$ cat entry_2.cif   # mmCIF, C-alpha atoms and all ligand atoms; chains and numbers go by the auth columns
data_target
loop_
_atom_site.group_PDB
_atom_site.id
_atom_site.type_symbol
_atom_site.label_atom_id
_atom_site.label_comp_id
_atom_site.label_asym_id
_atom_site.label_seq_id
_atom_site.Cartn_x
_atom_site.Cartn_y
_atom_site.Cartn_z
_atom_site.B_iso_or_equiv
_atom_site.auth_seq_id
_atom_site.auth_asym_id
ATOM 1 C CA ASP A 1 -89.712 29.834 33.120 0.00 11 Y
ATOM 2 C CA GLY A 2 -86.545 27.863 32.412 0.00 12 Y
ATOM 3 C CA ARG A 3 -83.337 28.697 30.618 0.00 13 Y
ATOM 4 C CA LEU A 4 -81.057 26.895 28.221 0.00 14 Y
ATOM 5 C CA THR A 5 -77.444 26.644 29.382 0.00 15 Y
ATOM 6 C CA VAL A 6 -74.263 26.078 27.381 0.00 16 Y
ATOM 7 C CA ASP A 7 -74.372 22.461 28.582 0.00 17 Y
ATOM 8 C CA ASP A 8 -77.948 22.122 27.305 0.00 18 Y
ATOM 9 C CA LEU A 9 -76.834 23.340 23.864 0.00 19 Y
ATOM 10 C CA VAL A 10 -73.976 20.839 23.818 0.00 20 Y
ATOM 11 C CA ALA A 11 -76.432 18.130 24.938 0.00 21 Y
ATOM 12 C CA TRP A 12 -78.689 19.156 22.027 0.00 22 Y
ATOM 13 C CA MET A 13 -75.901 18.607 19.513 0.00 23 Y
ATOM 14 C CA LEU A 14 -74.805 15.301 21.071 0.00 24 Y
ATOM 15 C CA ARG A 15 -78.390 14.085 21.096 0.00 25 Y
ATOM 16 C CA PHE A 16 -78.775 15.207 17.464 0.00 26 Y
ATOM 17 C CA ASP A 17 -75.688 13.184 16.510 0.00 27 Y
ATOM 18 C CA GLU A 18 -76.967 10.141 18.407 0.00 28 Y
ATOM 19 C CA ARG A 19 -80.378 10.236 16.727 0.00 29 Y
ATOM 20 C CA ILE A 20 -78.943 10.956 13.274 0.00 30 Y
ATOM 21 C CA SER A 21 -76.476 8.057 13.576 0.00 31 Y
ATOM 22 C CA ALA A 22 -79.350 5.767 14.511 0.00 32 Y
ATOM 23 C CA GLU A 23 -81.499 7.048 11.626 0.00 33 Y
ATOM 24 C CA ALA A 24 -78.788 7.492 8.971 0.00 34 Y
ATOM 25 C CA GLU A 25 -79.740 4.412 7.013 0.00 35 Y
ATOM 26 C CA HIS A 26 -83.409 5.423 6.979 0.00 36 Y
ATOM 27 C CA LEU A 27 -82.558 8.988 5.883 0.00 37 Y
ATOM 28 C CA THR A 28 -80.435 7.677 3.024 0.00 38 Y
ATOM 29 C CA GLU A 29 -83.257 5.331 2.033 0.00 39 Y
ATOM 30 C CA LEU A 30 -85.656 8.293 1.888 0.00 40 Y
ATOM 31 C CA ASP A 31 -83.123 10.185 -0.255 0.00 41 Y
ATOM 32 C CA SER A 32 -82.747 7.194 -2.579 0.00 42 Y
ATOM 33 C CA ALA A 33 -86.440 7.539 -3.497 0.00 43 Y
ATOM 34 C CA ILE A 34 -86.378 11.220 -4.504 0.00 44 Y
ATOM 35 C CA GLY A 35 -82.695 12.267 -4.444 0.00 45 Y
ATOM 36 C CA ASP A 36 -79.223 10.792 -4.700 0.00 46 Y
ATOM 37 C CA ALA A 37 -79.183 8.429 -1.716 0.00 47 Y
ATOM 38 C CA ASP A 38 -76.725 10.323 0.456 0.00 48 Y
ATOM 39 C CA HIS A 39 -78.687 12.375 3.011 0.00 49 Y
ATOM 40 C CA GLY A 40 -78.081 9.982 5.910 0.00 50 Y
ATOM 41 C CA THR A 41 -74.354 9.655 5.224 0.00 51 Y
ATOM 42 C CA ASN A 42 -74.034 13.402 4.586 0.00 52 Y
ATOM 43 C CA ILE A 43 -75.706 14.501 7.789 0.00 53 Y
ATOM 44 C CA ALA A 44 -74.188 11.764 9.983 0.00 54 Y
ATOM 45 C CA ARG A 45 -70.717 12.791 8.795 0.00 55 Y
ATOM 46 C CA GLY A 46 -71.583 16.340 9.848 0.00 56 Y
ATOM 47 C CA THR A 47 -73.050 15.590 13.253 0.00 57 Y
ATOM 48 C CA GLY A 48 -70.110 13.288 14.003 0.00 58 Y
ATOM 49 C CA ALA A 49 -67.740 16.154 13.215 0.00 59 Y
ATOM 50 C CA VAL A 50 -69.795 18.461 15.454 0.00 60 Y
ATOM 51 C CA ARG A 51 -69.588 15.975 18.318 0.00 61 Y
ATOM 52 C CA ARG A 52 -65.813 15.558 17.992 0.00 62 Y
ATOM 53 C CA ARG A 53 -65.289 19.316 17.805 0.00 63 Y
ATOM 54 C CA LEU A 54 -67.421 19.983 20.908 0.00 64 Y
ATOM 55 C CA GLU A 55 -65.656 17.206 22.823 0.00 65 Y
ATOM 56 C CA GLU A 56 -62.149 18.358 21.841 0.00 66 Y
ATOM 57 C CA ALA A 57 -62.719 22.065 22.423 0.00 67 Y
ATOM 58 C CA PRO A 58 -65.743 22.657 24.676 0.00 68 Y
ATOM 59 C CA PRO A 59 -66.945 26.214 23.900 0.00 69 Y
ATOM 60 C CA GLY A 60 -67.514 28.667 26.749 0.00 70 Y
ATOM 61 C CA ASP A 61 -70.667 30.402 25.601 0.00 71 Y
ATOM 62 C CA ALA A 62 -73.843 29.752 23.639 0.00 72 Y
ATOM 63 C CA GLY A 63 -72.760 31.613 20.511 0.00 73 Y
ATOM 64 C CA ALA A 64 -69.522 29.634 20.425 0.00 74 Y
ATOM 65 C CA VAL A 65 -71.325 26.267 20.667 0.00 75 Y
ATOM 66 C CA LEU A 66 -73.637 27.225 17.817 0.00 76 Y
ATOM 67 C CA LYS A 67 -70.870 28.729 15.684 0.00 77 Y
ATOM 68 C CA SER A 68 -68.545 25.772 16.157 0.00 78 Y
ATOM 69 C CA SER A 69 -71.401 23.398 15.258 0.00 79 Y
ATOM 70 C CA GLY A 70 -72.348 25.399 12.178 0.00 80 Y
ATOM 71 C CA MET A 71 -68.751 25.554 10.941 0.00 81 Y
ATOM 72 C CA ALA A 72 -68.319 21.801 11.428 0.00 82 Y
ATOM 73 C CA LEU A 73 -71.512 21.134 9.443 0.00 83 Y
ATOM 74 C CA VAL A 74 -70.597 23.486 6.588 0.00 84 Y
ATOM 75 C CA SER A 75 -67.115 22.044 6.229 0.00 85 Y
ATOM 76 C CA THR A 76 -68.018 18.336 6.390 0.00 86 Y
ATOM 77 C CA VAL A 77 -71.554 17.678 5.129 0.00 87 Y
ATOM 78 C CA GLY A 78 -71.361 18.627 1.475 0.00 88 Y
ATOM 79 C CA GLY A 79 -74.665 18.513 -0.392 0.00 89 Y
ATOM 80 C CA ALA A 80 -77.414 21.084 -0.201 0.00 90 Y
ATOM 81 C CA SER A 81 -78.225 20.233 3.397 0.00 91 Y
ATOM 82 C CA GLY A 82 -74.731 21.079 4.712 0.00 92 Y
ATOM 83 C CA SER A 83 -74.765 24.763 3.895 0.00 93 Y
ATOM 84 C CA LEU A 84 -78.411 25.039 4.938 0.00 94 Y
ATOM 85 C CA TYR A 85 -77.940 23.453 8.377 0.00 95 Y
ATOM 86 C CA GLY A 86 -74.686 25.390 8.688 0.00 96 Y
ATOM 87 C CA THR A 87 -76.570 28.625 8.036 0.00 97 Y
ATOM 88 C CA LEU A 88 -79.202 27.704 10.635 0.00 98 Y
ATOM 89 C CA PHE A 89 -76.543 27.388 13.353 0.00 99 Y
ATOM 90 C CA LEU A 90 -74.395 30.321 12.240 0.00 100 Y
ATOM 91 C CA GLU A 91 -77.423 32.636 12.225 0.00 101 Y
ATOM 92 C CA MET A 92 -78.473 31.336 15.646 0.00 102 Y
ATOM 93 C CA ALA A 93 -74.914 31.997 16.881 0.00 103 Y
ATOM 94 C CA LYS A 94 -75.065 35.609 15.653 0.00 104 Y
ATOM 95 C CA SER A 95 -78.440 36.069 17.290 0.00 105 Y
ATOM 96 C CA VAL A 96 -77.399 34.854 20.769 0.00 106 Y
ATOM 97 C CA GLY A 97 -73.824 36.199 20.858 0.00 107 Y
ATOM 98 C CA PRO A 98 -71.673 35.503 23.932 0.00 108 Y
ATOM 99 C CA ALA A 99 -74.570 34.696 26.292 0.00 109 Y
ATOM 100 C CA THR A 100 -74.109 31.768 28.690 0.00 110 Y
ATOM 101 C CA GLU A 101 -77.822 31.220 29.335 0.00 111 Y
ATOM 102 C CA LEU A 102 -80.741 31.682 26.972 0.00 112 Y
ATOM 103 C CA ASP A 103 -84.231 32.378 28.185 0.00 113 Y
ATOM 104 C CA ALA A 104 -87.191 31.193 26.113 0.00 114 Y
ATOM 105 C CA ALA A 105 -87.637 34.484 24.259 0.00 115 Y
ATOM 106 C CA VAL A 106 -83.961 34.710 23.271 0.00 116 Y
ATOM 107 C CA LEU A 107 -83.945 31.073 22.137 0.00 117 Y
ATOM 108 C CA ALA A 108 -87.154 31.514 20.136 0.00 118 Y
ATOM 109 C CA GLU A 109 -85.763 34.626 18.450 0.00 119 Y
ATOM 110 C CA ALA A 110 -82.476 32.846 17.652 0.00 120 Y
ATOM 111 C CA PHE A 111 -84.260 29.851 16.167 0.00 121 Y
ATOM 112 C CA ARG A 112 -86.475 32.167 14.130 0.00 122 Y
ATOM 113 C CA ALA A 113 -83.354 33.949 12.814 0.00 123 Y
ATOM 114 C CA GLY A 114 -81.732 30.595 11.989 0.00 124 Y
ATOM 115 C CA VAL A 115 -84.735 29.417 9.997 0.00 125 Y
ATOM 116 C CA ALA A 116 -84.955 32.795 8.246 0.00 126 Y
ATOM 117 C CA GLY A 117 -81.327 32.247 7.225 0.00 127 Y
ATOM 118 C CA VAL A 118 -82.176 28.834 5.752 0.00 128 Y
ATOM 119 C CA VAL A 119 -85.063 30.375 3.804 0.00 129 Y
ATOM 120 C CA ALA A 120 -82.898 33.257 2.560 0.00 130 Y
ATOM 121 C CA ARG A 121 -80.157 30.892 1.446 0.00 131 Y
ATOM 122 C CA GLY A 122 -82.227 28.101 -0.131 0.00 132 Y
ATOM 123 C CA ARG A 123 -85.221 30.191 -1.206 0.00 133 Y
ATOM 124 C CA ALA A 124 -87.632 27.411 -0.254 0.00 134 Y
ATOM 125 C CA GLU A 125 -90.989 28.353 1.203 0.00 135 Y
ATOM 126 C CA PRO A 126 -93.220 26.074 3.275 0.00 136 Y
ATOM 127 C CA GLY A 127 -94.931 23.682 0.847 0.00 137 Y
ATOM 128 C CA ASP A 128 -91.866 23.233 -1.399 0.00 138 Y
ATOM 129 C CA LYS A 129 -91.133 19.816 0.207 0.00 139 Y
ATOM 130 C CA THR A 130 -87.891 20.641 2.008 0.00 140 Y
ATOM 131 C CA MET A 131 -86.511 20.928 5.530 0.00 141 Y
ATOM 132 C CA VAL A 132 -88.297 24.304 5.721 0.00 142 Y
ATOM 133 C CA ASP A 133 -91.597 22.391 6.002 0.00 143 Y
ATOM 134 C CA ALA A 134 -90.443 21.103 9.393 0.00 144 Y
ATOM 135 C CA LEU A 135 -88.345 24.086 10.502 0.00 145 Y
ATOM 136 C CA GLN A 136 -90.784 26.939 9.832 0.00 146 Y
ATOM 137 C CA PRO A 137 -93.728 25.539 11.839 0.00 147 Y
ATOM 138 C CA ALA A 138 -91.296 24.692 14.650 0.00 148 Y
ATOM 139 C CA ALA A 139 -89.996 28.284 14.700 0.00 149 Y
ATOM 140 C CA ASP A 140 -93.530 29.719 14.553 0.00 150 Y
ATOM 141 C CA THR A 141 -94.747 27.418 17.333 0.00 151 Y
ATOM 142 C CA LEU A 142 -91.755 28.156 19.566 0.00 152 Y
ATOM 143 C CA SER A 143 -92.270 31.905 19.154 0.00 153 Y
ATOM 144 C CA ALA A 144 -96.010 31.696 19.802 0.00 154 Y
ATOM 145 C CA ALA A 145 -95.703 29.377 22.813 0.00 155 Y
ATOM 146 C CA THR A 146 -92.987 31.565 24.291 0.00 156 Y
ATOM 147 C CA ALA A 147 -94.998 34.752 23.739 0.00 157 Y
ATOM 148 C CA GLU A 148 -97.919 33.072 25.527 0.00 158 Y
ATOM 149 C CA GLY A 149 -95.623 32.454 28.489 0.00 159 Y
ATOM 150 C CA HIS A 150 -95.504 28.668 28.421 0.00 160 Y
ATOM 151 C CA PRO A 151 -92.563 27.018 30.214 0.00 161 Y
ATOM 152 C CA LEU A 152 -89.545 26.441 27.965 0.00 162 Y
ATOM 153 C CA ALA A 153 -89.667 22.623 28.083 0.00 163 Y
ATOM 154 C CA GLU A 154 -93.342 22.663 27.113 0.00 164 Y
ATOM 155 C CA SER A 155 -92.722 25.161 24.277 0.00 165 Y
ATOM 156 C CA LEU A 156 -89.913 22.978 22.931 0.00 166 Y
ATOM 157 C CA ARG A 157 -92.147 19.911 22.989 0.00 167 Y
ATOM 158 C CA ALA A 158 -94.815 21.844 21.064 0.00 168 Y
ATOM 159 C CA ALA A 159 -92.173 22.949 18.540 0.00 169 Y
ATOM 160 C CA ALA A 160 -91.004 19.335 18.106 0.00 170 Y
ATOM 161 C CA ASP A 161 -94.596 18.213 17.527 0.00 171 Y
ATOM 162 C CA ALA A 162 -95.066 20.967 14.935 0.00 172 Y
ATOM 163 C CA ALA A 163 -91.877 19.884 13.160 0.00 173 Y
ATOM 164 C CA ALA A 164 -93.092 16.277 13.048 0.00 174 Y
ATOM 165 C CA LEU A 165 -96.442 17.344 11.579 0.00 175 Y
ATOM 166 C CA GLY A 166 -94.645 19.484 8.989 0.00 176 Y
ATOM 167 C CA ARG A 167 -92.396 16.547 8.124 0.00 177 Y
ATOM 168 C CA ASP A 168 -95.373 14.229 7.610 0.00 178 Y
ATOM 169 C CA ALA A 169 -97.155 16.858 5.524 0.00 179 Y
ATOM 170 C CA THR A 170 -94.334 16.681 2.944 0.00 180 Y
ATOM 171 C CA ILE A 171 -95.497 13.220 1.793 0.00 181 Y
ATOM 172 C CA PRO A 172 -98.124 14.307 -0.771 0.00 182 Y
ATOM 173 C CA LEU A 173 -96.181 17.381 -1.905 0.00 183 Y
ATOM 174 C CA VAL A 174 -94.430 17.847 -5.244 0.00 184 Y
ATOM 175 C CA ALA A 175 -90.878 19.119 -4.640 0.00 185 Y
ATOM 176 C CA ARG A 176 -90.111 22.617 -5.896 0.00 186 Y
ATOM 177 C CA LYS A 177 -86.547 22.942 -4.540 0.00 187 Y
ATOM 178 C CA GLY A 178 -83.480 20.724 -4.414 0.00 188 Y
ATOM 179 C CA ARG A 179 -82.749 17.517 -6.315 0.00 189 Y
ATOM 180 C CA ALA A 180 -86.206 16.069 -5.689 0.00 190 Y
ATOM 181 C CA SER A 181 -87.664 18.872 -7.838 0.00 191 Y
ATOM 182 C CA TYR A 182 -85.987 17.287 -10.897 0.00 192 Y
ATOM 183 C CA LEU A 183 -88.518 14.457 -10.562 0.00 193 Y
ATOM 184 C CA GLY A 184 -91.530 16.744 -10.968 0.00 194 Y
ATOM 185 C CA ASP A 185 -94.798 14.996 -10.055 0.00 195 Y
ATOM 186 C CA ARG A 186 -92.927 11.758 -9.329 0.00 196 Y
ATOM 187 C CA SER A 187 -91.552 13.351 -6.148 0.00 197 Y
ATOM 188 C CA ALA A 188 -95.033 13.128 -4.590 0.00 198 Y
ATOM 189 C CA GLU A 189 -95.979 10.328 -2.144 0.00 199 Y
ATOM 190 C CA HIS A 190 -92.537 10.321 -0.520 0.00 200 Y
ATOM 191 C CA LEU A 191 -91.362 11.744 2.793 0.00 201 Y
ATOM 192 C CA ASP A 192 -88.719 14.456 2.323 0.00 202 Y
ATOM 193 C CA PRO A 193 -85.361 13.391 3.820 0.00 203 Y
ATOM 194 C CA GLY A 194 -84.346 16.907 4.897 0.00 204 Y
ATOM 195 C CA ALA A 195 -87.688 17.531 6.616 0.00 205 Y
ATOM 196 C CA THR A 196 -87.128 14.223 8.426 0.00 206 Y
ATOM 197 C CA SER A 197 -83.660 15.177 9.709 0.00 207 Y
ATOM 198 C CA ALA A 198 -84.974 18.649 10.624 0.00 208 Y
ATOM 199 C CA ALA A 199 -87.714 17.100 12.773 0.00 209 Y
ATOM 200 C CA ILE A 200 -84.977 15.071 14.503 0.00 210 Y
ATOM 201 C CA LEU A 201 -83.062 18.302 15.116 0.00 211 Y
ATOM 202 C CA VAL A 202 -86.018 19.937 16.873 0.00 212 Y
ATOM 203 C CA GLN A 203 -86.943 16.782 18.801 0.00 213 Y
ATOM 204 C CA SER A 204 -83.323 16.546 19.980 0.00 214 Y
ATOM 205 C CA LEU A 205 -83.553 20.046 21.409 0.00 215 Y
ATOM 206 C CA ALA A 206 -86.760 19.193 23.264 0.00 216 Y
ATOM 207 C CA ASP A 207 -85.122 16.003 24.591 0.00 217 Y
ATOM 208 C CA ALA A 208 -81.946 17.808 25.669 0.00 218 Y
ATOM 209 C CA ARG A 209 -83.982 20.285 27.704 0.00 219 Y
ATOM 210 C CA SER A 210 -86.138 17.722 29.463 0.00 220 Y
ATOM 211 C CA GLU A 211 -83.279 15.445 30.574 0.00 221 Y
HETATM 212 P P1 LIG B . -78.166 16.821 -1.848 0.00 301 J
HETATM 213 O O1 LIG B . -79.554 17.012 -2.356 0.00 301 J
HETATM 214 O O2 LIG B . -77.227 17.863 -2.333 0.00 301 J
HETATM 215 O O3 LIG B . -77.669 15.414 -2.062 0.00 301 J
HETATM 216 P P2 LIG B . -78.850 16.109 0.879 0.00 301 J
HETATM 217 O O4 LIG B . -79.300 14.819 0.314 0.00 301 J
HETATM 218 O O5 LIG B . -77.920 16.028 2.032 0.00 301 J
HETATM 219 O O6 LIG B . -78.225 17.047 -0.248 0.00 301 J
HETATM 220 O O7 LIG B . -80.103 16.940 1.387 0.00 301 J
HETATM 221 C C1 LIG B . -81.323 16.924 0.686 0.00 301 J
HETATM 222 C C2 LIG B . -82.353 17.711 1.468 0.00 301 J
HETATM 223 O O8 LIG B . -81.987 19.078 1.498 0.00 301 J
HETATM 224 C C3 LIG B . -83.742 17.697 0.854 0.00 301 J
HETATM 225 O O9 LIG B . -84.483 16.571 1.297 0.00 301 J
HETATM 226 C C4 LIG B . -84.358 19.005 1.312 0.00 301 J
HETATM 227 O O10 LIG B . -85.056 18.859 2.524 0.00 301 J
HETATM 228 C C5 LIG B . -83.149 19.877 1.562 0.00 301 J
HETATM 229 N N1 LIG B . -83.052 20.930 0.549 0.00 301 J
HETATM 230 C C6 LIG B . -82.581 20.825 -0.705 0.00 301 J
HETATM 231 N N2 LIG B . -82.619 22.013 -1.342 0.00 301 J
HETATM 232 C C7 LIG B . -83.152 22.893 -0.457 0.00 301 J
HETATM 233 C C8 LIG B . -83.473 24.298 -0.499 0.00 301 J
HETATM 234 N N3 LIG B . -83.225 25.040 -1.568 0.00 301 J
HETATM 235 N N4 LIG B . -84.004 24.855 0.620 0.00 301 J
HETATM 236 C C9 LIG B . -84.243 24.114 1.720 0.00 301 J
HETATM 237 N N5 LIG B . -83.955 22.797 1.806 0.00 301 J
HETATM 238 C C10 LIG B . -83.435 22.202 0.750 0.00 301 J
HETATM 239 MG MG MG B . -78.904 13.792 -1.383 0.00 302 J
HETATM 240 MG MG MG B . -75.832 14.649 -2.764 0.00 303 J
#
$ encode --input "entry_2.cif" --output "structure tokens"
Amino acid sequence: DGRLTVDDLVAWMLRFDERISAEAEHLTELDSAIGDADHGTNIARGTGAVRRRLEEAPPGDAGAVLKSSGMALVSTVGGASGSLYGTLFLEMAKSVGPATELDAAVLAEAFRAGVAGVVARGRAEPGDKTMVDALQPAADTLSAATAEGHPLAESLRAAADAAALGRDATIPLVARKGRASYLGDRSAEHLDPGATSAAILVQSLADARSE
């Protein structure tokens, strides 16, 4: 029950930009503890570019929204997170193609493909203290909830909750990928910045659908 329209996808990206702008300072603070203090500025630059691109040239189908967003992220973010988030959206775009409405199963499959793309590109597995710790449980939860026939809005809320739990579970972990891994054991007892922005990404989707 329920479908995601092109407008819903645009609303997702605008909401993502809004939340990232509000949280940019916090994200950079998290990255200053275990990275190079730029995650908030990196990702906010990217979501701002996505917003401008969607406003200037509103895409006509779901694949185009996702592709345009992914391209904007890849070309403006820089840093490890730019190509990874870019891959997430570009793989989702390929998965949905020129559809103008996505039902829950199509969305769940696209998100699963996007996260698989992130894993293939960055080679991080759950437990490595990266954005994958938030994204993978969200993808798994969305697929399971959809397969069980739950309404889309409810499945998206469950996915957002799973992402938040995955984010929080990064605190005790020792980083095995990305800059934080250079710190070895000293990366433990810190929240991962990329898992934090990824949880915002999934929450933004749940919010966009319930508005
Ligand atoms: P950089 O580390 O290049 O400065 P950012 O600060 O923007 O890039 O992003 C850092 C975040 O990227 C990390 O917190 C982590 O979640 C994520 N990340 C880094 N490397 C990987 C990887 N190989 N796979 C998945 N996520 C990664
Ligand atoms: Mg950084
Ligand atoms: Mg950097």
$ resolve_selection --input "entry_2.cif" --expression "the PyMOL selection byres (((not hetatm)) within 10 of (chain J and resi 301))" --output "PyMOL selection string"
chain Y and resi 37-38+40-42+44-54+87-95+125+128-136+138-145+177+180+185-191+201-208
$ atom_distance --input "entry_2.cif" --atom1 "CA of Phe26 in chain Y" --atom2 "CA of Leu211 in chain Y"
5.8 Å
$ axis_aligned_box --input "entry_2.cif" --around "range 32-41 of chain Y" --padding-each-side "5 Å" --output "lines of an AutoDock Vina configuration file"
center_x = -82.2
center_y = 7.3
center_z = 7.1
size_x = 16.9
size_y = 15.8
size_z = 24.8
$ resolve_selection --input "entry_2.cif" --expression "the PyMOL selection byres (((chain Y and resi 151-156) around 12) and not hetatm)" --output "number ranges by chain"
Y: 11-13, 113-123, 125, 144-150, 157-173, 175-176, 212, 215-216
$ atom_distance --input "entry_2.cif" --atom1 "CA of Trp22 in chain Y" --atom2 "CA of Ala43 in chain Y"
29.1 Å
$ resolve_selection --input "entry_2.cif" --expression "the PyMOL selection byres (((chain Y and resi 105) around 8) and not hetatm)" --output "PyMOL selection string"
chain Y and resi 73+101-104+106-107+119-120+123
$ atom_distance --input "entry_2.cif" --atom1 "CA of Ala198 in chain Y" --atom2 "CA of His36 in chain Y"
18.1 Å
$ residues_near_point --input "entry_2.cif" --point "(-80.3, 28.0, 24.9)" --cutoff "7 Å" --atoms "only C-alpha atoms" --output "PyMOL selection string"
chain Y and resi 13-16+18-19+72+111-113+117
$ build_atoms --input "entry_2.cif" --residues "range 84-101 of chain Y" --atoms "N, CA and C atoms" --output "PDB file, keeping the file's coordinate frame"
ATOM      1  N   VAL Y  84     -70.908  22.923   7.906  1.00  0.00           N
ATOM      2  CA  VAL Y  84     -70.597  23.486   6.588  1.00  0.00           C
ATOM      3  C   VAL Y  84     -69.385  22.797   5.973  1.00  0.00           C
ATOM      4  N   SER Y  85     -68.372  22.534   6.802  1.00  0.00           N
ATOM      5  CA  SER Y  85     -67.115  22.044   6.229  1.00  0.00           C
ATOM      6  C   SER Y  85     -67.098  20.543   6.011  1.00  0.00           C
ATOM      7  N   THR Y  86     -68.089  19.796   6.551  1.00  0.00           N
ATOM      8  CA  THR Y  86     -68.018  18.336   6.390  1.00  0.00           C
ATOM      9  C   THR Y  86     -69.209  17.713   5.660  1.00  0.00           C
ATOM     10  N   VAL Y  87     -70.364  18.356   5.658  1.00  0.00           N
ATOM     11  CA  VAL Y  87     -71.554  17.678   5.129  1.00  0.00           C
ATOM     12  C   VAL Y  87     -71.547  17.580   3.604  1.00  0.00           C
ATOM     13  N   GLY Y  88     -71.217  18.651   2.926  1.00  0.00           N
ATOM     14  CA  GLY Y  88     -71.361  18.627   1.475  1.00  0.00           C
ATOM     15  C   GLY Y  88     -72.843  18.553   1.168  1.00  0.00           C
ATOM     16  N   GLY Y  89     -73.239  18.605  -0.085  1.00  0.00           N
ATOM     17  CA  GLY Y  89     -74.665  18.513  -0.392  1.00  0.00           C
ATOM     18  C   GLY Y  89     -75.388  19.778   0.019  1.00  0.00           C
ATOM     19  N   ALA Y  90     -76.600  19.901  -0.468  1.00  0.00           N
ATOM     20  CA  ALA Y  90     -77.414  21.084  -0.201  1.00  0.00           C
ATOM     21  C   ALA Y  90     -77.643  21.253   1.304  1.00  0.00           C
ATOM     22  N   SER Y  91     -77.839  20.144   1.995  1.00  0.00           N
ATOM     23  CA  SER Y  91     -78.225  20.233   3.397  1.00  0.00           C
ATOM     24  C   SER Y  91     -77.105  20.790   4.279  1.00  0.00           C
ATOM     25  N   GLY Y  92     -75.846  20.617   3.885  1.00  0.00           N
ATOM     26  CA  GLY Y  92     -74.731  21.079   4.712  1.00  0.00           C
ATOM     27  C   GLY Y  92     -74.711  22.582   4.884  1.00  0.00           C
ATOM     28  N   SER Y  93     -74.815  23.312   3.785  1.00  0.00           N
ATOM     29  CA  SER Y  93     -74.765  24.763   3.895  1.00  0.00           C
ATOM     30  C   SER Y  93     -76.044  25.305   4.539  1.00  0.00           C
ATOM     31  N   LEU Y  94     -77.148  24.574   4.346  1.00  0.00           N
ATOM     32  CA  LEU Y  94     -78.411  25.039   4.938  1.00  0.00           C
ATOM     33  C   LEU Y  94     -78.413  24.847   6.455  1.00  0.00           C
ATOM     34  N   TYR Y  95     -78.040  23.653   6.927  1.00  0.00           N
ATOM     35  CA  TYR Y  95     -77.940  23.453   8.377  1.00  0.00           C
ATOM     36  C   TYR Y  95     -76.845  24.338   8.964  1.00  0.00           C
ATOM     37  N   GLY Y  96     -75.750  24.504   8.218  1.00  0.00           N
ATOM     38  CA  GLY Y  96     -74.686  25.390   8.688  1.00  0.00           C
ATOM     39  C   GLY Y  96     -75.216  26.790   8.899  1.00  0.00           C
ATOM     40  N   THR Y  97     -75.978  27.288   7.937  1.00  0.00           N
ATOM     41  CA  THR Y  97     -76.570  28.625   8.036  1.00  0.00           C
ATOM     42  C   THR Y  97     -77.489  28.740   9.243  1.00  0.00           C
ATOM     43  N   LEU Y  98     -78.296  27.696   9.483  1.00  0.00           N
ATOM     44  CA  LEU Y  98     -79.202  27.704  10.635  1.00  0.00           C
ATOM     45  C   LEU Y  98     -78.417  27.988  11.924  1.00  0.00           C
ATOM     46  N   PHE Y  99     -77.311  27.239  12.117  1.00  0.00           N
ATOM     47  CA  PHE Y  99     -76.543  27.388  13.353  1.00  0.00           C
ATOM     48  C   PHE Y  99     -75.736  28.680  13.387  1.00  0.00           C
ATOM     49  N   LEU Y 100     -75.193  29.088  12.241  1.00  0.00           N
ATOM     50  CA  LEU Y 100     -74.395  30.321  12.240  1.00  0.00           C
ATOM     51  C   LEU Y 100     -75.287  31.535  12.502  1.00  0.00           C
ATOM     52  N   GLU Y 101     -76.493  31.524  11.961  1.00  0.00           N
ATOM     53  CA  GLU Y 101     -77.423  32.636  12.225  1.00  0.00           C
ATOM     54  C   GLU Y 101     -77.895  32.619  13.680  1.00  0.00           C
TER      55      GLU Y 101
END
